[in-house]
file final05.pdb (PDB, C-alpha atoms)
ATOM      1  CA  MET A   1     -84.419 -19.237  10.354
ATOM      2  CA  GLY A   2     -80.669 -18.804   9.944
ATOM      3  CA  PHE A   3     -78.651 -15.799   8.916
ATOM      4  CA  TYR A   4     -76.965 -16.024   5.565
ATOM      5  CA  TYR A   5     -73.414 -15.517   4.413
ATOM      6  CA  LEU A   6     -73.269 -12.069   2.802
ATOM      7  CA  TYR A   7     -69.543 -11.329   2.633
ATOM      8  CA  ARG A   8     -66.456 -12.769   0.962
ATOM      9  CA  MET A   9     -64.840 -15.528   2.976
ATOM     10  CA  LYS A  10     -61.082 -15.856   3.334
ATOM     11  CA  GLU A  11     -59.154 -18.848   2.044
ATOM     12  CA  PRO A  12     -60.076 -22.019   3.995
ATOM     13  CA  LYS A  13     -57.240 -23.966   5.638
ATOM     14  CA  LEU A  14     -57.368 -27.755   5.559
ATOM     15  CA  MET A  15     -57.887 -28.899   9.161
ATOM     16  CA  SER A  16     -57.520 -32.639   8.636
ATOM     17  CA  LEU A  17     -57.168 -35.038  11.539
ATOM     18  CA  ALA A  18     -53.472 -35.421  10.665
ATOM     19  CA  HIS A  19     -52.945 -31.642  10.757
ATOM     20  CA  LEU A  20     -54.938 -31.353  13.979
ATOM     21  CA  ARG A  21     -52.688 -33.967  15.546
ATOM     22  CA  HIS A  22     -49.624 -32.045  14.381
ATOM     23  CA  ILE A  23     -50.654 -28.686  15.837
ATOM     24  CA  LEU A  24     -51.727 -30.276  19.152
ATOM     25  CA  GLU A  25     -48.596 -32.445  19.467
ATOM     26  CA  SER A  26     -46.658 -30.031  21.666
ATOM     27  CA  HIS A  27     -49.697 -29.696  23.985
ATOM     28  CA  PHE A  28     -50.459 -33.406  24.503
ATOM     29  CA  GLN A  29     -49.419 -33.460  28.157
ATOM     30  CA  GLU A  30     -51.828 -30.703  29.154
ATOM     31  CA  LEU A  31     -54.603 -32.030  26.884
ATOM     32  CA  ARG A  32     -54.385 -35.754  27.589
ATOM     33  CA  GLU A  33     -57.224 -35.717  30.128
ATOM     34  CA  GLY A  34     -59.602 -34.506  27.424
ATOM     35  CA  LEU A  35     -58.150 -35.761  24.140
ATOM     36  CA  PHE A  36     -57.311 -39.078  22.519
ATOM     37  CA  ILE A  37     -55.955 -39.001  18.959
ATOM     38  CA  ASN A  38     -54.236 -41.424  16.605
ATOM     39  CA  ASN A  39     -54.039 -41.919  12.840
ATOM     40  CA  GLU A  40     -57.606 -43.192  12.537
ATOM     41  CA  MET A  41     -59.679 -41.232  15.000
ATOM     42  CA  ALA A  42     -59.847 -38.649  17.751
ATOM     43  CA  VAL A  43     -62.060 -38.606  20.842
ATOM     44  CA  LEU A  44     -62.606 -35.247  22.521
ATOM     45  CA  TYR A  45     -63.885 -34.889  26.043
ATOM     46  CA  GLY A  46     -64.788 -31.343  26.998
ATOM     47  CA  ASN A  47     -61.387 -29.621  26.912
ATOM     48  CA  SER A  48     -61.937 -25.990  25.828
ATOM     49  CA  LYS A  49     -58.158 -25.416  25.636
ATOM     50  CA  ILE A  50     -58.144 -27.342  22.359
ATOM     51  CA  PHE A  51     -60.327 -24.741  20.659
ATOM     52  CA  GLN A  52     -58.103 -21.895  21.826
ATOM     53  CA  ILE A  53     -55.183 -23.634  20.098
ATOM     54  CA  ILE A  54     -57.180 -24.391  16.954
ATOM     55  CA  MET A  55     -58.452 -20.811  16.656
ATOM     56  CA  GLN A  56     -54.836 -19.611  16.586
ATOM     57  CA  GLN A  57     -54.635 -21.285  13.163
ATOM     58  CA  GLN A  58     -56.940 -18.550  11.872
ATOM     59  CA  PRO A  59     -60.148 -19.977  10.346
ATOM     60  CA  PRO A  60     -61.979 -20.716   8.069
ATOM     61  CA  PHE A  61     -61.196 -24.438   7.999
ATOM     62  CA  SER A  62     -61.907 -27.130   5.449
ATOM     63  CA  ILE A  63     -62.697 -30.606   6.823
ATOM     64  CA  ASN A  64     -62.078 -33.897   5.008
ATOM     65  CA  ASP A  65     -63.412 -36.332   7.617
ATOM     66  CA  TYR A  66     -66.453 -37.143   9.804
ATOM     67  CA  ARG A  67     -66.962 -35.286  13.096
ATOM     68  CA  LEU A  68     -69.821 -35.857  15.539
ATOM     69  CA  GLY A  69     -70.166 -33.905  18.764
ATOM     70  CA  ILE A  70     -72.369 -33.026  21.717
ATOM     71  CA  ILE A  71     -72.321 -29.420  22.938
ATOM     72  CA  LEU A  72     -72.075 -29.691  26.723
ATOM     73  CA  HIS A  73     -71.756 -26.018  27.718
ATOM     74  CA  GLY A  74     -71.551 -22.597  26.123
ATOM     75  CA  GLU A  75     -72.204 -21.579  22.553
ATOM     76  CA  ILE A  76     -70.541 -20.943  19.228
ATOM     77  CA  GLU A  77     -71.401 -18.690  16.290
ATOM     78  CA  ALA A  78     -70.011 -19.873  12.981
ATOM     79  CA  ASN A  79     -70.492 -19.843   9.239
ATOM     80  CA  ILE A  80     -70.914 -23.471   8.183
ATOM     81  CA  ASN A  81     -71.116 -24.331   4.491
ATOM     82  CA  LEU A  82     -72.214 -20.798   3.551
ATOM     83  CA  VAL A  83     -74.873 -20.440   6.284
ATOM     84  CA  GLU A  84     -74.565 -18.613   9.602
ATOM     85  CA  LYS A  85     -75.339 -20.835  12.609
ATOM     86  CA  HIS A  86     -75.711 -20.233  16.357
ATOM     87  CA  ILE A  87     -75.074 -23.525  18.171
ATOM     88  CA  MET A  88     -75.715 -23.886  21.895
ATOM     89  CA  ALA A  89     -75.533 -26.418  24.717
ATOM     90  CA  GLY A  90     -77.941 -29.278  24.094
ATOM     91  CA  ASN A  91     -77.124 -29.502  20.373
ATOM     92  CA  LEU A  92     -75.824 -32.559  18.557
ATOM     93  CA  VAL A  93     -73.585 -31.559  15.660
ATOM     94  CA  PHE A  94     -72.229 -33.280  12.562
ATOM     95  CA  PHE A  95     -69.612 -32.021  10.100
ATOM     96  CA  GLY A  96     -68.822 -34.212   7.106
ATOM     97  CA  PRO A  97     -66.158 -34.310   4.395
ATOM     98  CA  GLY A  98     -66.092 -31.121   2.364
ATOM     99  CA  THR A  99     -67.461 -28.926   5.157
ATOM    100  CA  ILE A 100     -66.067 -25.399   5.344
ATOM    101  CA  LEU A 101     -66.272 -24.062   8.881
ATOM    102  CA  ASN A 102     -65.616 -20.471   9.927
ATOM    103  CA  PRO A 103     -66.103 -19.885  13.699
ATOM    104  CA  HIS A 104     -66.727 -16.212  14.564
ATOM    105  CA  ARG A 105     -67.208 -16.461  18.323
ATOM    106  CA  ILE A 106     -66.750 -19.222  20.895
ATOM    107  CA  SER A 107     -67.874 -18.578  24.478
ATOM    108  CA  GLU A 108     -65.306 -19.009  27.243
ATOM    109  CA  ASP A 109     -67.303 -21.840  28.827
ATOM    110  CA  PHE A 110     -67.638 -23.768  25.553
ATOM    111  CA  GLU A 111     -67.269 -27.531  25.976
ATOM    112  CA  ILE A 112     -67.921 -30.377  23.579
ATOM    113  CA  CYS A 113     -67.449 -34.125  23.584
ATOM    114  CA  GLY A 114     -67.474 -36.382  20.566
ATOM    115  CA  PHE A 115     -65.238 -37.991  17.996
ATOM    116  CA  ALA A 116     -63.657 -37.509  14.574
ATOM    117  CA  LEU A 117     -63.021 -40.280  12.055
ATOM    118  CA  SER A 118     -60.205 -39.912   9.536
ATOM    119  CA  PRO A 119     -60.734 -40.973   5.882
ATOM    120  CA  ASN A 120     -58.855 -44.223   6.593
ATOM    121  CA  PHE A 121     -61.019 -45.195   9.587
ATOM    122  CA  PRO A 122     -62.510 -48.666   8.907
ATOM    123  CA  MET A 123     -66.208 -47.781   8.801
ATOM    124  CA  PRO A 124     -68.301 -50.531  10.471
ATOM    125  CA  PHE A 125     -70.740 -50.792   7.553
ATOM    126  CA  ALA A 126     -70.940 -52.794   4.364
ATOM    127  CA  PRO A 127     -70.402 -50.802   1.128
ATOM    128  CA  GLY A 128     -73.466 -48.664   0.466
ATOM    129  CA  ALA A 129     -74.924 -49.331   3.925
ATOM    130  CA  LEU A 130     -73.807 -46.126   5.685
ATOM    131  CA  PRO A 131     -76.793 -44.463   7.429
ATOM    132  CA  ALA A 132     -78.466 -42.006   5.051
ATOM    133  CA  ALA A 133     -77.443 -38.856   6.944
ATOM    134  CA  PHE A 134     -73.775 -39.750   6.355
ATOM    135  CA  ASN A 135     -73.845 -41.037   2.769
ATOM    136  CA  GLY A 136     -72.617 -37.763   1.303
ATOM    137  CA  GLN A 137     -75.981 -36.112   0.641
ATOM    138  CA  VAL A 138     -75.696 -33.952   3.774
ATOM    139  CA  ARG A 139     -72.551 -31.955   4.578
ATOM    140  CA  ASP A 140     -73.531 -30.883   8.095
ATOM    141  CA  PHE A 141     -76.388 -30.630  10.551
ATOM    142  CA  GLN A 142     -77.077 -29.362  14.070
ATOM    143  CA  LEU A 143     -79.942 -30.744  16.158
ATOM    144  CA  LEU A 144     -81.453 -29.575  19.451
ATOM    145  CA  ALA A 145     -81.887 -32.926  21.219
ATOM    146  CA  SER A 146     -84.031 -34.070  24.134
ATOM    147  CA  GLU A 147     -82.448 -34.866  27.496
ATOM    148  CA  ALA A 148     -82.951 -38.578  26.838
ATOM    149  CA  ASP A 149     -81.252 -38.443  23.425
ATOM    150  CA  LEU A 150     -78.408 -36.311  24.768
ATOM    151  CA  SER A 151     -77.906 -38.822  27.571
ATOM    152  CA  THR A 152     -77.789 -41.725  25.118
ATOM    153  CA  ALA A 153     -75.279 -39.945  22.877
ATOM    154  CA  ARG A 154     -73.201 -38.996  25.909
ATOM    155  CA  HIS A 155     -73.134 -42.581  27.202
ATOM    156  CA  ILE A 156     -71.824 -43.792  23.836
ATOM    157  CA  VAL A 157     -68.992 -41.232  23.931
ATOM    158  CA  ASP A 158     -68.273 -42.114  27.581
ATOM    159  CA  THR A 159     -67.902 -45.784  26.669
ATOM    160  CA  LEU A 160     -65.819 -44.994  23.593
ATOM    161  CA  TRP A 161     -63.485 -42.873  25.749
ATOM    162  CA  GLN A 162     -62.997 -45.755  28.162
ATOM    163  CA  VAL A 163     -62.379 -48.308  25.391
ATOM    164  CA  VAL A 164     -59.723 -46.314  23.486
ATOM    165  CA  HIS A 165     -57.744 -45.925  26.703
ATOM    166  CA  GLN A 166     -57.471 -49.661  27.198
ATOM    167  CA  HIS A 167     -54.154 -51.304  26.278
ATOM    168  CA  LYS A 168     -54.476 -52.608  22.697
ATOM    169  CA  TYR A 169     -58.125 -51.612  22.579
ATOM    170  CA  SER A 170     -60.580 -53.644  20.509
ATOM    171  CA  LYS A 171     -61.216 -52.062  17.110
ATOM    172  CA  GLU A 172     -64.356 -54.163  16.793
ATOM    173  CA  VAL A 173     -65.790 -52.609  19.961
ATOM    174  CA  VAL A 174     -64.808 -49.127  18.768
ATOM    175  CA  GLY A 175     -66.503 -49.829  15.431
ATOM    176  CA  SER A 176     -69.684 -50.948  17.155
ATOM    177  CA  LEU A 177     -69.811 -47.796  19.299
ATOM    178  CA  VAL A 178     -69.205 -45.586  16.268
ATOM    179  CA  ALA A 179     -71.984 -47.421  14.413
ATOM    180  CA  ALA A 180     -74.373 -46.923  17.346
ATOM    181  CA  GLN A 181     -73.709 -43.177  17.403
ATOM    182  CA  LEU A 182     -74.113 -42.839  13.639
ATOM    183  CA  HIS A 183     -77.436 -44.692  13.774
ATOM    184  CA  LEU A 184     -78.627 -42.482  16.650
ATOM    185  CA  TYR A 185     -77.708 -39.248  14.845
ATOM    186  CA  ASP A 186     -79.248 -40.534  11.604
ATOM    187  CA  SER A 187     -82.541 -41.349  13.325
ATOM    188  CA  LEU A 188     -82.691 -37.942  15.020
ATOM    189  CA  TYR A 189     -81.783 -36.137  11.782
ATOM    190  CA  ARG A 190     -84.570 -37.878   9.867
ATOM    191  CA  SER A 191     -87.085 -36.972  12.583
ATOM    192  CA  PHE A 192     -85.859 -33.373  12.503
ATOM    193  CA  THR A 193     -86.225 -33.034   8.737
ATOM    194  CA  ASP A 194     -89.723 -34.542   8.857
ATOM    195  CA  ARG A 195     -90.805 -31.972  11.470
ATOM    196  CA  GLN A 196     -89.094 -29.153   9.593
ATOM    197  CA  GLN A 197     -91.026 -29.849   6.403
ATOM    198  CA  THR A 198     -94.334 -29.452   8.231
ATOM    199  CA  THR A 199     -93.513 -26.239  10.157
ATOM    200  CA  GLN A 200     -91.155 -24.248   7.931
ATOM    201  CA  SER A 201     -92.263 -21.907   5.131
ATOM    202  CA  ARG A 202     -92.004 -23.194   1.571
ATOM    203  CA  GLU A 203     -89.561 -20.397   0.741
ATOM    204  CA  GLN A 204     -87.235 -21.378   3.591
ATOM    205  CA  THR A 205     -87.518 -25.078   2.740
ATOM    206  CA  LEU A 206     -86.562 -24.402  -0.872
ATOM    207  CA  PHE A 207     -83.647 -22.201   0.153
ATOM    208  CA  ASP A 208     -82.283 -24.831   2.547
ATOM    209  CA  ARG A 209     -82.584 -27.514  -0.135
ATOM    210  CA  PHE A 210     -80.853 -25.271  -2.682
ATOM    211  CA  ILE A 211     -77.914 -24.561  -0.342
ATOM    212  CA  GLN A 212     -77.606 -28.268   0.425
ATOM    213  CA  LEU A 213     -77.413 -29.054  -3.293
ATOM    214  CA  VAL A 214     -74.933 -26.242  -3.935
ATOM    215  CA  ASN A 215     -72.625 -27.493  -1.188
ATOM    216  CA  LEU A 216     -72.739 -30.971  -2.716
ATOM    217  CA  HIS A 217     -72.529 -30.187  -6.422
ATOM    218  CA  ALA A 218     -71.056 -26.715  -7.021
ATOM    219  CA  ALA A 219     -67.648 -28.161  -7.931
ATOM    220  CA  GLN A 220     -69.237 -29.910 -10.918
ATOM    221  CA  GLN A 221     -72.468 -28.052 -11.626
ATOM    222  CA  HIS A 222     -72.103 -24.296 -12.171
ATOM    223  CA  GLN A 223     -75.457 -23.406 -13.727
ATOM    224  CA  ILE A 224     -78.806 -22.661 -12.100
ATOM    225  CA  ALA A 225     -80.533 -25.016 -14.546
ATOM    226  CA  PHE A 226     -79.075 -28.082 -12.811
ATOM    227  CA  TYR A 227     -80.399 -27.051  -9.381
ATOM    228  CA  ALA A 228     -83.783 -26.034 -10.740
ATOM    229  CA  SER A 229     -84.083 -29.419 -12.441
ATOM    230  CA  ARG A 230     -83.128 -31.303  -9.255
ATOM    231  CA  MET A 231     -85.760 -29.311  -7.337
ATOM    232  CA  CYS A 232     -88.419 -29.667 -10.082
ATOM    233  CA  LEU A 233     -88.692 -25.883 -10.443
ATOM    234  CA  THR A 234     -88.214 -23.416 -13.278
ATOM    235  CA  GLU A 235     -84.961 -21.439 -13.262
ATOM    236  CA  ARG A 236     -86.890 -18.193 -12.988
ATOM    237  CA  TYR A 237     -88.931 -19.315  -9.988
ATOM    238  CA  LEU A 238     -85.897 -20.734  -8.196
ATOM    239  CA  GLY A 239     -83.959 -17.521  -8.795
ATOM    240  CA  THR A 240     -86.823 -15.435  -7.394
ATOM    241  CA  VAL A 241     -87.187 -17.603  -4.275
ATOM    242  CA  ILE A 242     -83.455 -17.585  -3.495
ATOM    243  CA  ARG A 243     -83.176 -13.809  -3.866
ATOM    244  CA  GLN A 244     -86.239 -13.256  -1.659
ATOM    245  CA  ALA A 245     -84.967 -15.668   1.000
ATOM    246  CA  SER A 246     -81.394 -14.404   1.180
ATOM    247  CA  GLY A 247     -81.000 -11.127  -0.705
ATOM    248  CA  VAL A 248     -78.389 -12.848  -2.888
ATOM    249  CA  THR A 249     -78.819 -14.352  -6.348
ATOM    250  CA  ALA A 250     -78.723 -18.100  -6.861
ATOM    251  CA  LYS A 251     -75.742 -17.738  -9.206
ATOM    252  CA  GLU A 252     -73.762 -15.867  -6.565
ATOM    253  CA  TRP A 253     -74.351 -18.679  -4.067
ATOM    254  CA  ILE A 254     -73.035 -21.150  -6.646
ATOM    255  CA  ASP A 255     -70.013 -18.955  -7.379
ATOM    256  CA  ARG A 256     -69.182 -18.567  -3.680
ATOM    257  CA  ALA A 257     -69.263 -22.309  -3.075
ATOM    258  CA  LEU A 258     -67.245 -23.022  -6.218
ATOM    259  CA  ILE A 259     -64.553 -20.434  -5.442
ATOM    260  CA  LEU A 260     -64.113 -21.864  -1.943
ATOM    261  CA  ARG A 261     -63.584 -25.357  -3.379
ATOM    262  CA  ILE A 262     -61.114 -24.012  -5.935
ATOM    263  CA  LYS A 263     -59.159 -22.189  -3.223
ATOM    264  CA  VAL A 264     -58.892 -25.385  -1.194
ATOM    265  CA  GLY A 265     -57.590 -27.220  -4.258
ATOM    266  CA  LEU A 266     -55.050 -24.525  -5.089
ATOM    267  CA  ARG A 267     -53.785 -24.022  -1.550
ATOM    268  CA  HIS A 268     -53.879 -27.518  -0.082
ATOM    269  CA  THR A 269     -53.042 -29.861  -2.979
ATOM    270  CA  ASP A 270     -50.175 -30.073  -5.449
ATOM    271  CA  LYS A 271     -52.547 -30.544  -8.390
ATOM    272  CA  SER A 272     -51.854 -28.430 -11.461
ATOM    273  CA  VAL A 273     -54.191 -25.640 -12.506
ATOM    274  CA  ALA A 274     -55.191 -27.801 -15.476
ATOM    275  CA  GLN A 275     -56.072 -30.731 -13.183
ATOM    276  CA  ILE A 276     -58.180 -28.545 -10.883
ATOM    277  CA  SER A 277     -59.865 -26.965 -13.903
ATOM    278  CA  GLU A 278     -60.824 -30.403 -15.210
ATOM    279  CA  GLU A 279     -62.011 -31.646 -11.799
ATOM    280  CA  MET A 280     -64.157 -28.540 -11.391
ATOM    281  CA  ASN A 281     -65.750 -29.181 -14.780
ATOM    282  CA  PHE A 282     -64.472 -26.114 -16.636
ATOM    283  CA  PRO A 283     -64.186 -26.383 -20.442
ATOM    284  CA  ASN A 284     -60.482 -25.495 -20.400
ATOM    285  CA  PRO A 285     -57.782 -23.980 -18.121
ATOM    286  CA  SER A 286     -58.011 -20.603 -19.832
ATOM    287  CA  PHE A 287     -61.711 -20.235 -19.051
ATOM    288  CA  PHE A 288     -61.047 -21.476 -15.517
ATOM    289  CA  SER A 289     -58.332 -18.852 -14.951
ATOM    290  CA  LYS A 290     -60.498 -16.034 -16.304
ATOM    291  CA  TYR A 291     -63.397 -17.108 -14.077
ATOM    292  CA  PHE A 292     -61.197 -17.255 -10.980
ATOM    293  CA  LYS A 293     -59.602 -13.874 -11.708
ATOM    294  CA  ARG A 294     -62.975 -12.218 -12.299
ATOM    295  CA  LEU A 295     -64.202 -13.291  -8.865
ATOM    296  CA  THR A 296     -60.990 -12.979  -6.827
ATOM    297  CA  GLY A 297     -58.914 -10.357  -8.620
ATOM    298  CA  MET A 298     -55.971 -12.700  -9.260
ATOM    299  CA  THR A 299     -55.132 -15.678 -11.420
ATOM    300  CA  PRO A 300     -54.878 -19.190  -9.913
ATOM    301  CA  ALA A 301     -51.081 -19.040 -10.255
ATOM    302  CA  GLN A 302     -50.920 -15.663  -8.483
ATOM    303  CA  TYR A 303     -53.192 -16.972  -5.706
ATOM    304  CA  ARG A 304     -50.831 -19.880  -5.079
ATOM    305  CA  GLN A 305     -47.909 -17.519  -4.690
ATOM    306  CA  VAL A 306     -49.579 -15.231  -2.118
TER     307      VAL A 306
END

call {"tool": "encode", "arguments": {"input": "final05.pdb", "output": "C-alpha cells"}}
result
Amino acid sequence: MGFYYLYRMKEPKLMSLAHLRHILESHFQELREGLFINNEMAVLYGNSKIFQIIMQQQPPFSINDYRLGIILHGEIEANINLVEKHIMAGNLVFFGPGTILNPHRISEDFEICGFALSPNFPMPFAPGALPAAFNGQVRDFQLLASEADLSTARHIVDTLWQVVHQHKYSKEVVGSLVAAQLHLYDSLYRSFTDRQQTTQSREQTLFDRFIQLVNLHAAQQHQIAFYASRMCLTERYLGTVIRQASGVTAKEWIDRALILRIKVGLRHTDKSVAQISEEMNFPNPSFFSKYFKRLTGMTPAQYRQV
C-alpha cells in the first residue's frame, strides 16, 4: 500500500526529451559511455551522473513522452502522479505522457537502463494497435519482476544499445526492439493487475482506480459524479472510500491534479488564459481565473509573471 500525496506540490517543469538533450549537451563527453540521445529517442545505460544533473533542474517534472526503464541498483523515493512510490532494484518502470514526477530521494548507487521515445518517434504499431498498457489509459506503473523477466528486458536494452551505435543504424530494427519491450511490459503489467485484484482490499483497489481516472481525466472532468459513474458507484460511497483510504476528499484529489495540469499549461506553453480555460473545460475565463486564484492565491496572469 502506497503513501499518498498530502501536501501542495510546486510548479512542474517540462522535462521533454528535447529539453533533456539541451541540459545534458555540455556533458556529452563524460556521459557518452552511458547515454545515447537524438531527436527521436534516448537510450540510457546505468550512468548515475545523469540524474545528478537532472536533479539540479529542481523537480517536479512533467513528461510528454514514453519512458521505460529497469532499475539495476539502488532506490528512489518519488511522488508520481499524486502517489508516493518507493522504487528499488529489480523494478521495471514506465512513465507515459502527462506524468508528473517529483523525486524526493535518489540513493548514491542508483542505476537504471532503458529508453525514452519522443512524441515524434515512429511507433512500430498500426493505429489503435499499441499494447493496452500504453494506449493512454495508464500514466505510469512500477513492477517487481522475476529474474527471468528482468534478464529478458535487459537483453532487449543491451541489443538496442548496440544497434543505435552502429553507423546509420536500422530504424526498422530499433522499432522491432522497442515493440518487443512494450509487449513484454504490457504482458507483465496485465499479470500484475490480475494478481492485485485478488489480493488487495476493495478499498485500496477503488482508491487506485480513482487516482488512475483522475490522472487521465481531471483536465476535462472536474466533478465527483463523473468518476463515480465510471466506477459504477454512488458519489457518496466513492467520497467515503477515498477519504478513508487517503485522509483526503475526492474533490481535493481532483483539484490537485487539475491545478498541476493548469500550471504546466501556463508555464510551459504560450497559450492564452482563455485557450487554457477552454481546454480545461471551464465555462469561461473568469470562472477559470477565480478557481485558480482560490486554490493558489494568485491569478493565472500573476502566476505567469512569477

call {"tool": "residues_around", "arguments": {"input": "final05.pdb", "residues": "Gly34 in chain A", "least_positions_apart": "6", "cutoff": "10 Å", "atoms": "only C-alpha atoms", "output": "PDB file with C-alpha atoms, in the frame of the given file"}}
result
ATOM      1  CA  PHE A  28     -50.459 -33.406  24.503  1.00  0.00           C
ATOM      2  CA  VAL A  43     -62.060 -38.606  20.842  1.00  0.00           C
ATOM      3  CA  LEU A  44     -62.606 -35.247  22.521  1.00  0.00           C
ATOM      4  CA  TYR A  45     -63.885 -34.889  26.043  1.00  0.00           C
ATOM      5  CA  GLY A  46     -64.788 -31.343  26.998  1.00  0.00           C
ATOM      6  CA  ASN A  47     -61.387 -29.621  26.912  1.00  0.00           C
ATOM      7  CA  SER A  48     -61.937 -25.990  25.828  1.00  0.00           C
ATOM      8  CA  LYS A  49     -58.158 -25.416  25.636  1.00  0.00           C
ATOM      9  CA  ILE A  50     -58.144 -27.342  22.359  1.00  0.00           C
ATOM     10  CA  CYS A 113     -67.449 -34.125  23.584  1.00  0.00           C
ATOM     11  CA  TRP A 161     -63.485 -42.873  25.749  1.00  0.00           C
TER      12      TRP A 161
END

call {"tool": "resolve_selection", "arguments": {"input": "final05.pdb", "expression": "the PyMOL selection byres ((chain A and resi 306) around 12)", "output": "PyMOL selection string"}}
result
chain A and resi 11+263+266-267+298-305

call {"tool": "write_last_selection", "arguments": {"input": "final05.pdb", "atoms": "C-alpha atoms", "output": "short mmCIF file (atom, residue, chain, number, x, y, z; two decimals), in the frame of the given file"}}
result
data_model
loop_
_atom_site.label_atom_id
_atom_site.label_comp_id
_atom_site.auth_asym_id
_atom_site.auth_seq_id
_atom_site.Cartn_x
_atom_site.Cartn_y
_atom_site.Cartn_z
CA GLU A 11 -59.15 -18.85 2.04
CA LYS A 263 -59.16 -22.19 -3.22
CA LEU A 266 -55.05 -24.52 -5.09
CA ARG A 267 -53.78 -24.02 -1.55
CA MET A 298 -55.97 -12.70 -9.26
CA THR A 299 -55.13 -15.68 -11.42
CA PRO A 300 -54.88 -19.19 -9.91
CA ALA A 301 -51.08 -19.04 -10.26
CA GLN A 302 -50.92 -15.66 -8.48
CA TYR A 303 -53.19 -16.97 -5.71
CA ARG A 304 -50.83 -19.88 -5.08
CA GLN A 305 -47.91 -17.52 -4.69
#

call {"tool": "closest_residue", "arguments": {"input": "final05.pdb", "among": "A:Tyr227, A:Phe61, A:Phe95, A:Phe51", "to": "Glu108 in chain A", "atoms": "all atoms listed in the file"}}
result
A:Phe51

call {"tool": "resolve_selection", "arguments": {"input": "final05.pdb", "expression": "the PyMOL selection byres ((chain A and resi 183) around 12)", "output": "ChimeraX atom specification"}}
result
/A:68,124-125,129-134,152-153,156,176-182,184-190

call {"tool": "write_last_selection", "arguments": {"input": "final05.pdb", "atoms": "C-alpha atoms", "output": "PDB file, in the frame of the given file"}}
result
ATOM      1  CA  LEU A  68     -69.821 -35.857  15.539  1.00  0.00           C
ATOM      2  CA  PRO A 124     -68.301 -50.531  10.471  1.00  0.00           C
ATOM      3  CA  PHE A 125     -70.740 -50.792   7.553  1.00  0.00           C
ATOM      4  CA  ALA A 129     -74.924 -49.331   3.925  1.00  0.00           C
ATOM      5  CA  LEU A 130     -73.807 -46.126   5.685  1.00  0.00           C
ATOM      6  CA  PRO A 131     -76.793 -44.463   7.429  1.00  0.00           C
ATOM      7  CA  ALA A 132     -78.466 -42.006   5.051  1.00  0.00           C
ATOM      8  CA  ALA A 133     -77.443 -38.856   6.944  1.00  0.00           C
ATOM      9  CA  PHE A 134     -73.775 -39.750   6.355  1.00  0.00           C
ATOM     10  CA  THR A 152     -77.789 -41.725  25.118  1.00  0.00           C
ATOM     11  CA  ALA A 153     -75.279 -39.945  22.877  1.00  0.00           C
ATOM     12  CA  ILE A 156     -71.824 -43.792  23.836  1.00  0.00           C
ATOM     13  CA  SER A 176     -69.684 -50.948  17.155  1.00  0.00           C
ATOM     14  CA  LEU A 177     -69.811 -47.796  19.299  1.00  0.00           C
ATOM     15  CA  VAL A 178     -69.205 -45.586  16.268  1.00  0.00           C
ATOM     16  CA  ALA A 179     -71.984 -47.421  14.413  1.00  0.00           C
ATOM     17  CA  ALA A 180     -74.373 -46.923  17.346  1.00  0.00           C
ATOM     18  CA  GLN A 181     -73.709 -43.177  17.403  1.00  0.00           C
ATOM     19  CA  LEU A 182     -74.113 -42.839  13.639  1.00  0.00           C
ATOM     20  CA  LEU A 184     -78.627 -42.482  16.650  1.00  0.00           C
ATOM     21  CA  TYR A 185     -77.708 -39.248  14.845  1.00  0.00           C
ATOM     22  CA  ASP A 186     -79.248 -40.534  11.604  1.00  0.00           C
ATOM     23  CA  SER A 187     -82.541 -41.349  13.325  1.00  0.00           C
ATOM     24  CA  LEU A 188     -82.691 -37.942  15.020  1.00  0.00           C
ATOM     25  CA  TYR A 189     -81.783 -36.137  11.782  1.00  0.00           C
ATOM     26  CA  ARG A 190     -84.570 -37.878   9.867  1.00  0.00           C
TER      27      ARG A 190
END

call {"tool": "residues_around", "arguments": {"input": "final05.pdb", "residues": "Met55 in chain A", "least_positions_apart": "5", "cutoff": "12 Å", "atoms": "all atoms listed in the file", "output": "PyMOL selection string"}}
result
chain A and resi 13+15+20+23-24+48-50+60-61+101-106

call {"tool": "resolve_selection", "arguments": {"input": "final05.pdb", "expression": "the PyMOL selection byres ((chain A and resi 76) around 7)", "output": "PyMOL selection string"}}
result
chain A and resi 75+77-78+86-88+105-107

call {"tool": "atom_distance", "arguments": {"input": "final05.pdb", "atom1": "CA of Gln196 in chain A", "atom2": "CA of Glu147 in chain A"}}
result
19.9 Å

call {"tool": "closest_residue", "arguments": {"input": "final05.pdb", "among": "A:Asn81, A:Gln52, A:Thr198, A:Ser286", "to": "Arg261 in chain A", "atoms": "only C-alpha atoms"}}
result
A:Asn81

call {"tool": "closest_residue", "arguments": {"input": "final05.pdb", "among": "A:Leu233, A:Gly114, A:Ala218, A:Pro119", "to": "His155 in chain A", "atoms": "all atoms listed in the file"}}
result
A:Gly114

call {"tool": "axis_aligned_box", "arguments": {"input": "final05.pdb", "around": "range 70-87 of chain A", "padding_each_side": "6 Å", "output": "JSON"}}
result
{"center_x": -72.9, "center_y": -25.8, "center_z": 15.6, "size_x": 17.7, "size_y": 26.4, "size_z": 36.2}

call {"tool": "closest_residue", "arguments": {"input": "final05.pdb", "among": "A:Leu82, A:Ser246, A:Leu260, A:Phe287", "to": "Val273 in chain A", "atoms": "all atoms listed in the file"}}
result
A:Phe287

call {"tool": "closest_residue", "arguments": {"input": "final05.pdb", "among": "A:Gly239, A:Phe94, A:Met280, A:Asn79", "to": "Trp253 in chain A", "atoms": "only C-alpha atoms"}}
result
A:Gly239

call {"tool": "atom_distance", "arguments": {"input": "final05.pdb", "atom1": "CA of Arg195 in chain A", "atom2": "CA of Val248 in chain A"}}
result
26.9 Å

call {"tool": "atom_distance", "arguments": {"input": "final05.pdb", "atom1": "CA of Phe141 in chain A", "atom2": "CA of Asn39 in chain A"}}
result
25.1 Å

call {"tool": "closest_residue", "arguments": {"input": "final05.pdb", "among": "A:His73, A:Arg236, A:Arg67, A:Arg243", "to": "Glu111 in chain A", "atoms": "only C-alpha atoms"}}
result
A:His73
